[in-house]
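A.B. asks: One structure coming up, written as C-alpha cells, with questions to follow.
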Amino acid sequence: MRYRTLGVGLLLASVLVLPAWAGSRTQTKKTVSQVDADKLSAGTFTGKLLTTPGTDRTFTIQVQTQQLKLKPGYRAPRTNNNLYRLQQQIVDEQAKMATSRNPVSHLRRIEQLQGQLATQIQREALHPQHNPYQTVTTTHDIHFQAAEEVEVRTKVLPDKFDDKGNVTKYTNAELKALKGKKSSLPGYESTLDALQTGQIVEVTLAPKKTAKSTTATANNKDLDKNLDKETAKTSDEKKMQARMIVIVNDDAAGNTNSGKKGGKKRKN
C-alpha cells in the first residue's frame with residue numbers, strides 16, 4: 001500500500017507539470033454551475049458572498065475553480081505524440097509498481113520517464129501553437145443553509161482610534177477579549193449582521209446536528225402534536241449546514257467602519 005500511494009503522487013506530479021508549458025496565451029472560458037450544499041461533502045469553501053442569510057438562514061457564495069482541458073477538435077501533431085507516449089509509460093510503470101515485488105526498480109524507471117517528460121515539455125514550450133490546452137474557469141454558486149447556532153467569526157477588525165482621532169493598534173488584552181471564549185477558533189467574534197455581500201468568506205460545511213431525544217409525555221395526543229411540529233420544523237432543514245462562517249476580506253464590499261475618521265476596515 002505504501003508504494004501504491006507513492007505511485008499516485010508521482011502520477012499527479014506528472015500531470016501538474018502541464019500548466020508550465022500551457023503558457024499565458026491560453027484562452028479562458030467561463031461556465032457557471034448552481035450547487036446545493038446538501039450534495040457536497042463536509043469541508044471548507046472560500047468565495048465571495050452573494051447573498052446573506054435570511055429568515056430561512058440560506059445564503060450563497062461564489063467559488064471559482066480553474067482547470068486545463070483539451071481544446072475542442074484538437075488533433076495532436078507528431079511532436080506531441082512523445083508527450084502522450086511518455087505519460088502512458090509512466091502510468092504503466094505505476095501500475096506495475098503497485099503489485100511488484102521489486103517496486104524500487106519501477107520507481108527508478110518512473111523517475112527517468114519523468115525527466116524525459118520534463119525535457120519534452122520544455123521543447124513544446126518553444127512552440128505555443130502546438131499547445132492543446134485551454135484554461136476553463138468554472139464559477140460555482142453554492143447555496144448554503146447556516147446552522148441555527150452558526151459560529152460567525154471575522155479576520156477583519158475596524159480601525160481603532162485614540163482620543164486625538166489617530167489610528168492606533170489594539171493591545172494584546174483587547175485582541176484576546178475580541179476573540180471571545182472560543183479563542184481556538186479563527187479570527188474574532190462576530191455576528192450574522194456583520195455579513196455583507198461582496199465579502200470574501202470561508203464557510204465550514206458539516207452534517208446537521210441531530211436534536212437530542214425528548215422524554216415522551218404520558219399523553220399520546222400531545223406526543224403526536226410535538227412530533228408533527230418537529231417534522232414540520234425539520235422539513236426545511238438541510239442535512240448539510242454551515243457550522244461556521246469566517247469573514248476573510250471585507251475590501252470587496254467597499255465597506256468602511258463607523259469610527260471617528262471613517263476609513264477602511266483592516267485585517268489583523
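Chain lettering (A, B, ...) mirrors the order of the C-alpha cells, residue numbering begins at 1 for each chain separately, and ligand numbering begins at 1 in order of display.
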Could you list, as a list in words, every residue within 7 Å of region 52-62 of chain A, counting only C-alpha atoms and ignoring same-chain residues fewer than 2 positions away?
C.D. replies: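 Returned residues: Gly47, Lys48, Leu49, Leu50, Gln64, Thr139, His140, Asp141, Ile142, His143, Phe144, Gln145, Ala146, Leu195, Gln196 and Thr197 of chain A.
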A.B. asks: List as a list in words the protein and nucleic acid residues near Ile110 (chain A), meaning an atom at most 7 Å away when only C-alpha atoms are counted, but skip any in the same chain fewer than 3 places from it.
C.D. replies: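 Contacts, with the query itself left out: Ile90, Glu93, His106, Leu107, Leu113 and Gln114 of chain A.
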A.B. asks: Can those selected residues be exported to a file as a compact mmCIF listing (two decimals), in the first residue's frame so that it contains C-alpha atoms?
C.D. replies:
# COMPACT_ATOMS: atom_id res chain seq x y z
CA ILE A 90 4.56 6.43 -16.52
CA GLU A 93 5.05 1.65 -14.66
CA HIS A 106 9.88 0.63 -11.29
CA LEU A 107 10.30 3.80 -9.24
CA LEU A 113 10.47 8.86 -17.69
CA GLN A 114 9.53 11.98 -15.77
A.B. asks: Excluding same-chain residues fewer than 5 positions from Thr44 (chain A), what lies within 9 Å of it counting only C-alpha atoms, as an NGL selection string?
C.D. replies: :A and (202-205)
A.B. asks: Can you write just those residues out, C-alpha atoms, as a JSON list (two decimals), in the first residue's frame?
C.D. replies:
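Output saved as part_3.json:
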[["chain", "number", "residue", "atom", "x", "y", "z"],
["A", 202, "GLU", "CA", -14.80, 30.85, 4.50],
["A", 203, "VAL", "CA", -17.71, 28.50, 5.10],
["A", 204, "THR", "CA", -17.26, 25.31, 7.11],
["A", 205, "LEU", "CA", -19.81, 22.73, 5.99]]
A.B. asks: What is the distance between CA of Asp193 (chain A) and CA of Asp250 (chain A), in Å to one decimal?
C.D. replies: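 Between CA of Asp193 (chain A) and CA of Asp250 (chain A) the gap works out to 13.7 Å.
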A.B. asks: Residues at most 10 Å from Ala147 (chain A), counting only C-alpha atoms, excluding those fewer than 4 positions away in the same chain, as a count of residues only?
C.D. replies: 15
A.B. asks: What lies within 12 Å of Ser105 (chain A) using only C-alpha atoms, ignoring chain neighbours under 6 positions off, as a list in words?
C.D. replies: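 Using only C-alpha atoms, the neighbours found are Tyr3, Glu93, Gln94, Lys96, Met97, Ala98, Glu111 and Gln112 of chain A.
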A.B. asks: Just the helix (DSSP H, G or I) stuff from region 87-193 of chain A, please, per backbone DSSP, written as a PyMOL selection string.
C.D. replies: chain A and resi 87-99+103-125+128-130+172-179+192-193
A.B. asks: May I have the residues from that selection written out with C-alpha atoms, as a PDB file, in the first residue's frame?
C.D. replies:
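Okay, this is what ended up in result_37.pdb:
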ATOM      1  CA  GLN A  87       2.735   9.825 -19.882  1.00  0.00           C
ATOM      2  CA  GLN A  88       1.278   6.432 -20.752  1.00  0.00           C
ATOM      3  CA  GLN A  89       4.571   4.741 -19.934  1.00  0.00           C
ATOM      4  CA  ILE A  90       4.559   6.425 -16.521  1.00  0.00           C
ATOM      5  CA  VAL A  91       1.035   5.176 -15.860  1.00  0.00           C
ATOM      6  CA  ASP A  92       2.001   1.652 -16.912  1.00  0.00           C
ATOM      7  CA  GLU A  93       5.049   1.647 -14.662  1.00  0.00           C
ATOM      8  CA  GLN A  94       2.975   2.849 -11.713  1.00  0.00           C
ATOM      9  CA  ALA A  95       0.507   0.020 -12.250  1.00  0.00           C
ATOM     10  CA  LYS A  96       3.353  -2.492 -12.290  1.00  0.00           C
ATOM     11  CA  MET A  97       4.964  -0.936  -9.204  1.00  0.00           C
ATOM     12  CA  ALA A  98       1.745  -1.359  -7.178  1.00  0.00           C
ATOM     13  CA  THR A  99       1.966  -5.165  -7.435  1.00  0.00           C
ATOM     14  CA  PRO A 103       8.938  -1.660  -6.684  1.00  0.00           C
ATOM     15  CA  VAL A 104      12.196   0.294  -6.418  1.00  0.00           C
ATOM     16  CA  SER A 105      13.206  -0.653  -9.968  1.00  0.00           C
ATOM     17  CA  HIS A 106       9.885   0.632 -11.289  1.00  0.00           C
ATOM     18  CA  LEU A 107      10.295   3.802  -9.238  1.00  0.00           C
ATOM     19  CA  ARG A 108      13.657   4.477 -10.867  1.00  0.00           C
ATOM     20  CA  ARG A 109      12.155   3.888 -14.293  1.00  0.00           C
ATOM     21  CA  ILE A 110       9.358   6.345 -13.489  1.00  0.00           C
ATOM     22  CA  GLU A 111      11.903   8.957 -12.444  1.00  0.00           C
ATOM     23  CA  GLN A 112      13.719   8.516 -15.741  1.00  0.00           C
ATOM     24  CA  LEU A 113      10.471   8.856 -17.694  1.00  0.00           C
ATOM     25  CA  GLN A 114       9.529  11.976 -15.767  1.00  0.00           C
ATOM     26  CA  GLY A 115      12.880  13.512 -16.625  1.00  0.00           C
ATOM     27  CA  GLN A 116      12.267  12.792 -20.296  1.00  0.00           C
ATOM     28  CA  LEU A 117       8.758  14.197 -19.976  1.00  0.00           C
ATOM     29  CA  ALA A 118      10.046  17.441 -18.444  1.00  0.00           C
ATOM     30  CA  THR A 119      12.568  17.825 -21.290  1.00  0.00           C
ATOM     31  CA  GLN A 120       9.855  17.239 -23.894  1.00  0.00           C
ATOM     32  CA  ILE A 121       7.572  19.775 -22.223  1.00  0.00           C
ATOM     33  CA  GLN A 122      10.315  22.402 -22.337  1.00  0.00           C
ATOM     34  CA  ARG A 123      10.707  21.783 -26.058  1.00  0.00           C
ATOM     35  CA  GLU A 124       6.958  22.128 -26.592  1.00  0.00           C
ATOM     36  CA  ALA A 125       7.027  25.474 -24.777  1.00  0.00           C
ATOM     37  CA  PRO A 128       2.959  27.650 -28.333  1.00  0.00           C
ATOM     38  CA  GLN A 129       0.931  26.943 -31.480  1.00  0.00           C
ATOM     39  CA  HIS A 130       1.125  23.271 -30.500  1.00  0.00           C
ATOM     40  CA  ASN A 172      -2.944  42.144  23.303  1.00  0.00           C
ATOM     41  CA  ALA A 173      -5.569  42.247  26.035  1.00  0.00           C
ATOM     42  CA  GLU A 174      -8.090  43.836  23.669  1.00  0.00           C
ATOM     43  CA  LEU A 175      -7.391  41.269  20.943  1.00  0.00           C
ATOM     44  CA  LYS A 176      -7.791  38.464  23.470  1.00  0.00           C
ATOM     45  CA  ALA A 177     -11.140  39.885  24.556  1.00  0.00           C
ATOM     46  CA  LEU A 178     -12.277  40.208  20.939  1.00  0.00           C
ATOM     47  CA  LYS A 179     -11.516  36.527  20.312  1.00  0.00           C
ATOM     48  CA  LEU A 192     -24.648  37.374  11.196  1.00  0.00           C
ATOM     49  CA  ASP A 193     -25.429  41.099  10.961  1.00  0.00           C
TER      50      ASP A 193
END
A.B. asks: DSSP says strand (DSSP E) for which residues of region 145-217 of chain A? Put them as a count of residues only?
C.D. replies: 26
A.B. asks: Quick one, how far is CA of Thr191 (chain A) from CA of Pro158 (chain A)?
C.D. replies: 14.4 Å
